[in-house]
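Trainee: Okay, so here is model29.pdb, and as you'll see once you scroll down, it has PDB, N, CA and C atoms.
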ATOM      1  N   MET A1059       7.530  24.543  43.364
ATOM      2  CA  MET A1059       8.554  24.446  42.353
ATOM      3  C   MET A1059       8.739  22.992  41.921
ATOM      4  N   ARG A1060       8.757  22.109  42.913
ATOM      5  CA  ARG A1060       8.932  20.690  42.630
ATOM      6  C   ARG A1060       7.794  20.157  41.775
ATOM      7  N   GLN A1061       6.591  20.594  42.084
ATOM      8  CA  GLN A1061       5.418  20.152  41.317
ATOM      9  C   GLN A1061       5.470  20.697  39.886
ATOM     10  N   LEU A1062       5.981  21.894  39.704
ATOM     11  CA  LEU A1062       6.117  22.476  38.376
ATOM     12  C   LEU A1062       7.033  21.607  37.505
ATOM     13  N   PHE A1063       8.181  21.217  38.064
ATOM     14  CA  PHE A1063       9.106  20.365  37.313
ATOM     15  C   PHE A1063       8.484  19.000  36.994
ATOM     16  N   ARG A1064       7.746  18.467  37.964
ATOM     17  CA  ARG A1064       7.091  17.173  37.744
ATOM     18  C   ARG A1064       6.065  17.292  36.623
ATOM     19  N   ASN A1065       5.276  18.361  36.637
ATOM     20  CA  ASN A1065       4.273  18.558  35.594
ATOM     21  C   ASN A1065       4.914  18.773  34.229
ATOM     22  N   LEU A1066       6.021  19.518  34.183
ATOM     23  CA  LEU A1066       6.730  19.717  32.919
ATOM     24  C   LEU A1066       7.294  18.402  32.389
ATOM     25  N   ALA A1067       7.825  17.588  33.292
ATOM     26  CA  ALA A1067       8.369  16.289  32.876
ATOM     27  C   ALA A1067       7.266  15.388  32.330
ATOM     28  N   ILE A1068       6.144  15.365  32.986
ATOM     29  CA  ILE A1068       5.020  14.545  32.526
ATOM     30  C   ILE A1068       4.528  15.040  31.173
ATOM     31  N   ALA A1069       4.424  16.362  31.021
ATOM     32  CA  ALA A1069       3.954  16.922  29.749
ATOM     33  C   ALA A1069       4.921  16.595  28.618
ATOM     34  N   SER A1070       6.221  16.705  28.877
ATOM     35  CA  SER A1070       7.190  16.418  27.810
ATOM     36  C   SER A1070       7.186  14.941  27.441
ATOM     37  N   LEU A1071       7.069  14.048  28.412
ATOM     38  CA  LEU A1071       7.008  12.614  28.104
ATOM     39  C   LEU A1071       5.746  12.284  27.325
ATOM     40  N   THR A1072       4.646  12.920  27.672
ATOM     41  CA  THR A1072       3.394  12.690  26.953
ATOM     42  C   THR A1072       3.510  13.150  25.508
ATOM     43  N   LEU A1073       4.103  14.320  25.302
ATOM     44  CA  LEU A1073       4.278  14.824  23.937
ATOM     45  C   LEU A1073       5.195  13.927  23.124
ATOM     46  N   CYS A1074       6.242  13.382  23.746
ATOM     47  CA  CYS A1074       7.137  12.465  23.038
ATOM     48  C   CYS A1074       6.383  11.207  22.618
ATOM     49  N   GLY A1075       5.521  10.723  23.496
ATOM     50  CA  GLY A1075       4.723   9.542  23.153
ATOM     51  C   GLY A1075       3.789   9.801  21.993
ATOM     52  N   PHE A1076       3.142  10.980  22.002
ATOM     53  CA  PHE A1076       2.248  11.326  20.898
ATOM     54  C   PHE A1076       3.017  11.514  19.606
ATOM     55  N   ALA A1077       4.219  12.047  19.693
ATOM     56  CA  ALA A1077       5.040  12.235  18.489
ATOM     57  C   ALA A1077       5.401  10.890  17.885
ATOM     58  N   ALA A1078       5.713   9.918  18.738
ATOM     59  CA  ALA A1078       6.057   8.595  18.226
ATOM     60  C   ALA A1078       4.857   7.948  17.560
ATOM     61  N   VAL A1079       3.684   8.082  18.176
ATOM     62  CA  VAL A1079       2.486   7.500  17.582
ATOM     63  C   VAL A1079       2.152   8.206  16.277
ATOM     64  N   GLY A1080       2.240   9.521  16.256
ATOM     65  CA  GLY A1080       1.926  10.279  15.048
ATOM     66  C   GLY A1080       2.870   9.954  13.917
ATOM     67  N   SER A1081       4.142   9.788  14.217
ATOM     68  CA  SER A1081       5.091   9.484  13.153
ATOM     69  C   SER A1081       4.908   8.062  12.639
ATOM     70  N   ALA A1082       4.471   7.155  13.497
ATOM     71  CA  ALA A1082       4.235   5.795  13.025
ATOM     72  C   ALA A1082       3.004   5.743  12.124
ATOM     73  N   GLN A1083       2.062   6.645  12.350
ATOM     74  CA  GLN A1083       0.900   6.686  11.479
ATOM     75  C   GLN A1083       1.308   7.121  10.075
ATOM     76  N   ASN A1084       2.414   7.865   9.975
ATOM     77  CA  ASN A1084       2.915   8.319   8.688
ATOM     78  C   ASN A1084       3.964   7.375   8.130
ATOM     79  N   ALA A1085       4.044   6.175   8.655
ATOM     80  CA  ALA A1085       5.079   5.233   8.234
ATOM     81  C   ALA A1085       5.050   4.955   6.735
ATOM     82  N   PRO A1086       3.890   4.789   6.081
ATOM     83  CA  PRO A1086       3.929   4.561   4.632
ATOM     84  C   PRO A1086       4.586   5.710   3.874
ATOM     85  N   ALA A1087       4.346   6.945   4.307
ATOM     86  CA  ALA A1087       4.995   8.087   3.657
ATOM     87  C   ALA A1087       6.494   8.039   3.889
ATOM     88  N   THR A1088       6.915   7.635   5.082
ATOM     89  CA  THR A1088       8.334   7.507   5.388
ATOM     90  C   THR A1088       8.965   6.443   4.521
ATOM     91  N   VAL A1089       8.280   5.326   4.376
ATOM     92  CA  VAL A1089       8.803   4.239   3.557
ATOM     93  C   VAL A1089       8.951   4.695   2.108
ATOM     94  N   GLU A1090       7.965   5.404   1.601
ATOM     95  CA  GLU A1090       8.051   5.898   0.224
ATOM     96  C   GLU A1090       9.199   6.894   0.065
ATOM     97  N   ASN A1091       9.384   7.746   1.048
ATOM     98  CA  ASN A1091      10.481   8.709   1.012
ATOM     99  C   ASN A1091      11.825   7.978   0.986
ATOM    100  N   GLN A1092      11.953   6.953   1.815
ATOM    101  CA  GLN A1092      13.215   6.225   1.857
ATOM    102  C   GLN A1092      13.441   5.428   0.573
ATOM    103  N   ARG A1093      12.380   4.905   0.006
ATOM    104  CA  ARG A1093      12.530   4.207  -1.283
ATOM    105  C   ARG A1093      12.987   5.170  -2.374
ATOM    106  N   ALA A1094      12.470   6.396  -2.333
ATOM    107  CA  ALA A1094      12.902   7.398  -3.305
ATOM    108  C   ALA A1094      14.379   7.734  -3.112
ATOM    109  N   ARG A1095      14.834   7.795  -1.864
ATOM    110  CA  ARG A1095      16.247   8.057  -1.597
ATOM    111  C   ARG A1095      17.118   6.919  -2.118
ATOM    112  N   ILE A1096      16.642   5.690  -1.985
ATOM    113  CA  ILE A1096      17.390   4.538  -2.499
ATOM    114  C   ILE A1096      17.466   4.615  -4.021
ATOM    115  N   ARG A1097      16.326   4.903  -4.680
ATOM    116  CA  ARG A1097      16.331   5.027  -6.138
ATOM    117  C   ARG A1097      17.299   6.111  -6.609
ATOM    118  N   GLN A1098      17.298   7.234  -5.918
ATOM    119  CA  GLN A1098      18.193   8.328  -6.274
ATOM    120  C   GLN A1098      19.649   7.904  -6.099
ATOM    121  N   GLY A1099      19.925   7.149  -5.043
ATOM    122  CA  GLY A1099      21.289   6.667  -4.820
ATOM    123  C   GLY A1099      21.759   5.734  -5.918
ATOM    124  N   VAL A1100      20.861   4.886  -6.404
ATOM    125  CA  VAL A1100      21.213   3.988  -7.511
ATOM    126  C   VAL A1100      21.423   4.805  -8.781
ATOM    127  N   ARG A1101      20.537   5.785  -9.010
ATOM    128  CA  ARG A1101      20.633   6.603 -10.207
ATOM    129  C   ARG A1101      21.936   7.396 -10.268
ATOM    130  N   ASP A1102      22.323   7.991  -9.136
ATOM    131  CA  ASP A1102      23.539   8.814  -9.173
ATOM    132  C   ASP A1102      24.808   8.016  -8.895
ATOM    133  N   GLY A1103      24.664   6.708  -8.658
ATOM    134  CA  GLY A1103      25.825   5.854  -8.494
ATOM    135  C   GLY A1103      26.395   5.805  -7.094
ATOM    136  N   SER A1104      25.776   6.467  -6.122
ATOM    137  CA  SER A1104      26.302   6.455  -4.761
ATOM    138  C   SER A1104      25.951   5.173  -4.011
ATOM    139  N   LEU A1105      25.018   4.387  -4.530
ATOM    140  CA  LEU A1105      24.685   3.076  -3.964
ATOM    141  C   LEU A1105      24.983   1.998  -4.997
ATOM    142  N   THR A1106      25.593   0.919  -4.538
ATOM    143  CA  THR A1106      25.771  -0.218  -5.436
ATOM    144  C   THR A1106      24.458  -0.980  -5.494
ATOM    145  N   ARG A1107      24.343  -1.866  -6.443
ATOM    146  CA  ARG A1107      23.096  -2.644  -6.568
ATOM    147  C   ARG A1107      22.875  -3.536  -5.355
ATOM    148  N   ARG A1108      23.944  -4.091  -4.831
ATOM    149  CA  ARG A1108      23.827  -4.959  -3.656
ATOM    150  C   ARG A1108      23.372  -4.158  -2.440
ATOM    151  N   GLU A1109      23.945  -2.973  -2.246
ATOM    152  CA  GLU A1109      23.529  -2.116  -1.130
ATOM    153  C   GLU A1109      22.061  -1.732  -1.272
ATOM    154  N   ALA A1110      21.660  -1.375  -2.472
ATOM    155  CA  ALA A1110      20.270  -0.980  -2.715
ATOM    156  C   ALA A1110      19.325  -2.147  -2.447
ATOM    157  N   ALA A1111      19.705  -3.347  -2.871
ATOM    158  CA  ALA A1111      18.845  -4.508  -2.650
ATOM    159  C   ALA A1111      18.679  -4.775  -1.154
ATOM    160  N   ARG A1112      19.759  -4.649  -0.395
ATOM    161  CA  ARG A1112      19.695  -4.875   1.050
ATOM    162  C   ARG A1112      18.790  -3.829   1.710
ATOM    163  N   LEU A1113      18.928  -2.582   1.302
ATOM    164  CA  LEU A1113      18.087  -1.523   1.870
ATOM    165  C   LEU A1113      16.617  -1.722   1.512
ATOM    166  N   ARG A1114      16.358  -2.152   0.283
ATOM    167  CA  ARG A1114      14.960  -2.401  -0.125
ATOM    168  C   ARG A1114      14.342  -3.533   0.691
ATOM    169  N   ARG A1115      15.120  -4.577   0.963
ATOM    170  CA  ARG A1115      14.600  -5.673   1.792
ATOM    171  C   ARG A1115      14.257  -5.182   3.189
ATOM    172  N   LYS A1116      15.111  -4.343   3.762
ATOM    173  CA  LYS A1116      14.832  -3.792   5.095
ATOM    174  C   LYS A1116      13.554  -2.958   5.086
ATOM    175  N   GLU A1117      13.387  -2.138   4.064
ATOM    176  CA  GLU A1117      12.198  -1.299   3.964
ATOM    177  C   GLU A1117      10.941  -2.146   3.792
ATOM    178  N   SER A1118      11.037  -3.197   3.002
ATOM    179  CA  SER A1118       9.886  -4.086   2.806
ATOM    180  C   SER A1118       9.503  -4.771   4.110
ATOM    181  N   ARG A1119      10.511  -5.205   4.857
ATOM    182  CA  ARG A1119      10.250  -5.828   6.156
ATOM    183  C   ARG A1119       9.545  -4.858   7.094
ATOM    184  N   LEU A1120       9.996  -3.612   7.101
ATOM    185  CA  LEU A1120       9.376  -2.602   7.961
ATOM    186  C   LEU A1120       7.928  -2.369   7.558
ATOM    187  N   GLN A1121       7.669  -2.287   6.269
ATOM    188  CA  GLN A1121       6.302  -2.059   5.805
ATOM    189  C   GLN A1121       5.404  -3.252   6.147
ATOM    190  N   ARG A1122       5.897  -4.470   5.958
ATOM    191  CA  ARG A1122       5.096  -5.647   6.309
ATOM    192  C   ARG A1122       4.803  -5.688   7.803
ATOM    193  N   GLN A1123       5.810  -5.335   8.623
ATOM    194  CA  GLN A1123       5.610  -5.332  10.068
ATOM    195  C   GLN A1123       4.590  -4.281  10.474
ATOM    196  N   THR A1124       4.612  -3.131   9.844
ATOM    197  CA  THR A1124       3.638  -2.075  10.129
ATOM    198  C   THR A1124       2.230  -2.553   9.816
ATOM    199  N   ILE A1125       2.058  -3.163   8.662
ATOM    200  CA  ILE A1125       0.743  -3.673   8.265
ATOM    201  C   ILE A1125       0.279  -4.742   9.240
ATOM    202  N   ARG A1126       1.168  -5.643   9.599
ATOM    203  CA  ARG A1126       0.833  -6.729  10.525
ATOM    204  C   ARG A1126       0.429  -6.178  11.888
ATOM    205  N   ASP A1127       1.193  -5.203  12.402
ATOM    206  CA  ASP A1127       0.874  -4.637  13.718
ATOM    207  C   ASP A1127      -0.457  -3.902  13.711
ATOM    208  N   ARG A1128      -0.755  -3.198  12.636
ATOM    209  CA  ARG A1128      -2.029  -2.494  12.558
ATOM    210  C   ARG A1128      -3.197  -3.465  12.495
ATOM    211  N   ARG A1129      -3.005  -4.573  11.803
ATOM    212  CA  ARG A1129      -4.090  -5.536  11.624
ATOM    213  C   ARG A1129      -4.345  -6.336  12.894
ATOM    214  N   ASP A1130      -3.313  -6.660  13.646
ATOM    215  CA  ASP A1130      -3.447  -7.528  14.821
ATOM    216  C   ASP A1130      -4.344  -6.951  15.907
ATOM    217  N   GLY A1131      -4.078  -5.709  16.305
ATOM    218  CA  GLY A1131      -4.803  -5.169  17.439
ATOM    219  C   GLY A1131      -5.762  -4.057  17.081
ATOM    220  N   GLY A1132      -6.110  -3.907  15.836
ATOM    221  CA  GLY A1132      -7.021  -2.841  15.458
ATOM    222  C   GLY A1132      -6.353  -1.478  15.442
ATOM    223  N   GLY A1133      -5.061  -1.446  15.378
ATOM    224  CA  GLY A1133      -4.306  -0.192  15.366
ATOM    225  C   GLY A1133      -2.954  -0.425  15.997
ATOM    226  N   LEU A1134      -2.178   0.610  16.100
ATOM    227  CA  LEU A1134      -0.855   0.489  16.694
ATOM    228  C   LEU A1134      -0.891   0.890  18.158
ATOM    229  N   SER A1135      -0.279   0.067  18.996
ATOM    230  CA  SER A1135      -0.112   0.479  20.377
ATOM    231  C   SER A1135       1.041   1.474  20.429
ATOM    232  N   ARG A1136       1.176   2.136  21.526
ATOM    233  CA  ARG A1136       2.252   3.117  21.670
ATOM    234  C   ARG A1136       3.614   2.436  21.554
ATOM    235  N   ARG A1137       3.735   1.276  22.117
ATOM    236  CA  ARG A1137       4.993   0.526  22.066
ATOM    237  C   ARG A1137       5.331   0.129  20.625
ATOM    238  N   GLU A1138       4.346  -0.358  19.904
ATOM    239  CA  GLU A1138       4.565  -0.737  18.502
ATOM    240  C   GLU A1138       4.951   0.476  17.657
ATOM    241  N   ALA A1139       4.270   1.584  17.910
ATOM    242  CA  ALA A1139       4.570   2.801  17.156
ATOM    243  C   ALA A1139       5.998   3.262  17.409
ATOM    244  N   ARG A1140       6.425   3.238  18.664
ATOM    245  CA  ARG A1140       7.802   3.636  18.985
ATOM    246  C   ARG A1140       8.805   2.708  18.316
ATOM    247  N   ARG A1141       8.529   1.413  18.351
ATOM    248  CA  ARG A1141       9.450   0.444  17.750
ATOM    249  C   ARG A1141       9.544   0.637  16.240
ATOM    250  N   LEU A1142       8.413   0.848  15.593
ATOM    251  CA  LEU A1142       8.420   1.066  14.147
ATOM    252  C   LEU A1142       9.127   2.366  13.776
ATOM    253  N   HIS A1143       8.910   3.400  14.584
ATOM    254  CA  HIS A1143       9.578   4.673  14.329
ATOM    255  C   HIS A1143      11.094   4.520  14.485
ATOM    256  N   LYS A1144      11.492   3.758  15.493
ATOM    257  CA  LYS A1144      12.920   3.512  15.718
ATOM    258  C   LYS A1144      13.529   2.762  14.532
ATOM    259  N   GLU A1145      12.817   1.780  14.024
ATOM    260  CA  GLU A1145      13.306   1.031  12.864
ATOM    261  C   GLU A1145      13.382   1.912  11.618
ATOM    262  N   ALA A1146      12.408   2.808  11.456
ATOM    263  CA  ALA A1146      12.433   3.715  10.309
ATOM    264  C   ALA A1146      13.630   4.656  10.391
ATOM    265  N   ARG A1147      13.915   5.166  11.592
ATOM    266  CA  ARG A1147      15.091   6.024  11.771
ATOM    267  C   ARG A1147      16.375   5.253  11.499
ATOM    268  N   ARG A1148      16.425   4.025  11.956
ATOM    269  CA  ARG A1148      17.604   3.188  11.731
ATOM    270  C   ARG A1148      17.816   2.959  10.228
ATOM    271  N   GLY A1149      16.722   2.721   9.515
ATOM    272  CA  GLY A1149      16.817   2.542   8.068
ATOM    273  C   GLY A1149      17.277   3.805   7.367
ATOM    274  N   SER A1150      16.795   4.943   7.831
ATOM    275  CA  SER A1150      17.200   6.215   7.237
ATOM    276  C   SER A1150      18.690   6.450   7.430
ATOM    277  N   ARG A1151      19.183   6.148   8.619
ATOM    278  CA  ARG A1151      20.618   6.309   8.875
ATOM    279  C   ARG A1151      21.432   5.355   8.009
ATOM    280  N   ALA A1152      20.920   4.134   7.794
ATOM    281  CA  ALA A1152      21.627   3.175   6.945
ATOM    282  C   ALA A1152      21.725   3.686   5.510
ATOM    283  N   ILE A1153      20.642   4.279   5.021
ATOM    284  CA  ILE A1153      20.670   4.828   3.659
ATOM    285  C   ILE A1153      21.721   5.928   3.566
ATOM    286  N   THR A1154      21.716   6.828   4.518
ATOM    287  CA  THR A1154      22.689   7.920   4.514
ATOM    288  C   THR A1154      24.109   7.381   4.586
ATOM    289  N   ARG A1155      24.335   6.441   5.488
ATOM    290  CA  ARG A1155      25.678   5.873   5.663
ATOM    291  C   ARG A1155      26.167   5.197   4.384
ATOM    292  N   LEU A1156      25.308   4.410   3.752
ATOM    293  CA  LEU A1156      25.716   3.698   2.548
ATOM    294  C   LEU A1156      25.874   4.628   1.344
ATOM    295  N   ARG A1157      25.077   5.686   1.291
ATOM    296  CA  ARG A1157      25.209   6.616   0.161
ATOM    297  C   ARG A1157      26.492   7.425   0.253
ATOM    298  N   HIS A1158      27.043   7.552   1.440
ATOM    299  CA  HIS A1158      28.233   8.384   1.633
ATOM    300  C   HIS A1158      29.465   7.564   2.028
ATOM    301  N   ASN A1159      29.476   6.277   1.721
ATOM    302  CA  ASN A1159      30.616   5.458   2.141
ATOM    303  C   ASN A1159      31.738   5.414   1.127
ATOM    304  N   GLY A1160      31.599   6.107   0.027
ATOM    305  CA  GLY A1160      32.683   6.177  -0.960
ATOM    306  C   GLY A1160      32.649   5.098  -2.020
ATOM    307  N   ARG A1161      31.783   4.104  -1.855
ATOM    308  CA  ARG A1161      31.658   3.068  -2.884
ATOM    309  C   ARG A1161      30.750   3.555  -3.992
ATOM    310  N   THR A1162      31.128   3.283  -5.205
ATOM    311  CA  THR A1162      30.278   3.632  -6.339
ATOM    312  C   THR A1162      30.187   2.424  -7.241
ATOM    313  N   ARG A1163      29.201   2.459  -8.126
ATOM    314  CA  ARG A1163      29.096   1.330  -9.052
ATOM    315  C   ARG A1163      29.891   1.586 -10.289
TER     316      ARG A1163
END
How does the structure come out when it is put into structure tokens?
Mentor:
Amino acid sequence: MRQLFRNLAIASLTLCGFAAVGSAQNAPATVENQRARIRQGVRDGSLTRREAARLRRKESRLQRQTIRDRRDGGGLSRREARRLHKEARRGSRAITRLRHNGRTR
């Protein structure tokens, strides 16, 4: 029984690692999706121009970091992929938070 739980724990941690790497490989698609959300927020007035500019700078930084990490070591390490995925999630939450904060232009 103990070995079963250990094997399940190892399998779940391995799958989480692969999910992080796989999602980091899709980082350009994520960045494009988030840029589209920012554009939509500006269009419908839920984002001010200053908020949109700040979000665009964050997204650009994330994209540059992704390119840099891929170029440095011939690909992304698992640690780099997790960090980039975490930053992408953080950016997504920032977009949602700013679009729903009640400020309009």
Trainee: Please check which residues have atoms at most 10 Å from (27.3, 13.1, -3.0) in the file's coordinates, counting only C-alpha atoms, and write them as JSON, numbers by chain.
Mentor: {"A": [1099, 1102, 1103, 1104, 1157, 1158, 1159, 1160]}
Trainee: For the atom pair atom CA of Ser1135 of chain A and atom N of Leu1113 of chain A, what is the interatomic distance in Å to one decimal place?
Mentor: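 These two atoms are separated by 27.1 Å.
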Trainee: Between atom CA of Gln1121 of chain A and atom N of Leu1156 of chain A, what is the distance, to one decimal in Å?
Mentor: 20.2 Å
Trainee: I'd like the contact shell of Glu1145 of chain A - 8 Å cut-off, all atoms listed in the file, skipping same-chain residues fewer than 6 positions apart - returned as a PyMOL selection string.
Mentor: chain A and resi 1120+1139+1151
Trainee: Using 4 Å of padding on each side, determine the axis-aligned box around all atoms of segment 1089-1104 of chain A present in the file and give its centre and edge lengths in Å to one decimal, as lines of an AutoDock Vina configuration file.
Mentor:
center_x = 17.2
center_y = 6.4
center_z = -2.9
size_x = 26.4
size_y = 12.8
size_z = 22.6
Trainee: Determine the residue membership of the PyMOL selection byres (((chain A and resi 1125 and name CA) around 12) and name CA) for the file above and supply it as a VMD selection string.
Mentor: chain A and resid 1082 to 1083 1085 to 1086 1118 to 1124 1126 to 1134 1138 to 1139 1142
Trainee: Could you work out how far atom CA of Val1100 of chain A lies from atom CA of Arg1140 of chain A, giving the answer in Å with one decimal?
Mentor: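 So the two atoms, atom CA of Arg1140 of chain A and atom CA of Val1100 of chain A, lie 29.7 Å apart.
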Trainee: Would you kindly return, as a PyMOL selection string, each protein, DNA or RNA residue with an atom no farther than 8 Å from any atom of Arg1093 of chain A, considering only N, CA and C atoms and excluding same-chain residues fewer than 5 positions away?
Mentor: chain A and resi 1087-1088+1098-1099+1113-1114+1117
Trainee: Using all atoms listed in the file, which residue out of A:Arg1161, A:Arg1137, A:Ile1153, A:Lys1144 lies closest to Ile1096 of chain A?
Mentor: A:Ile1153
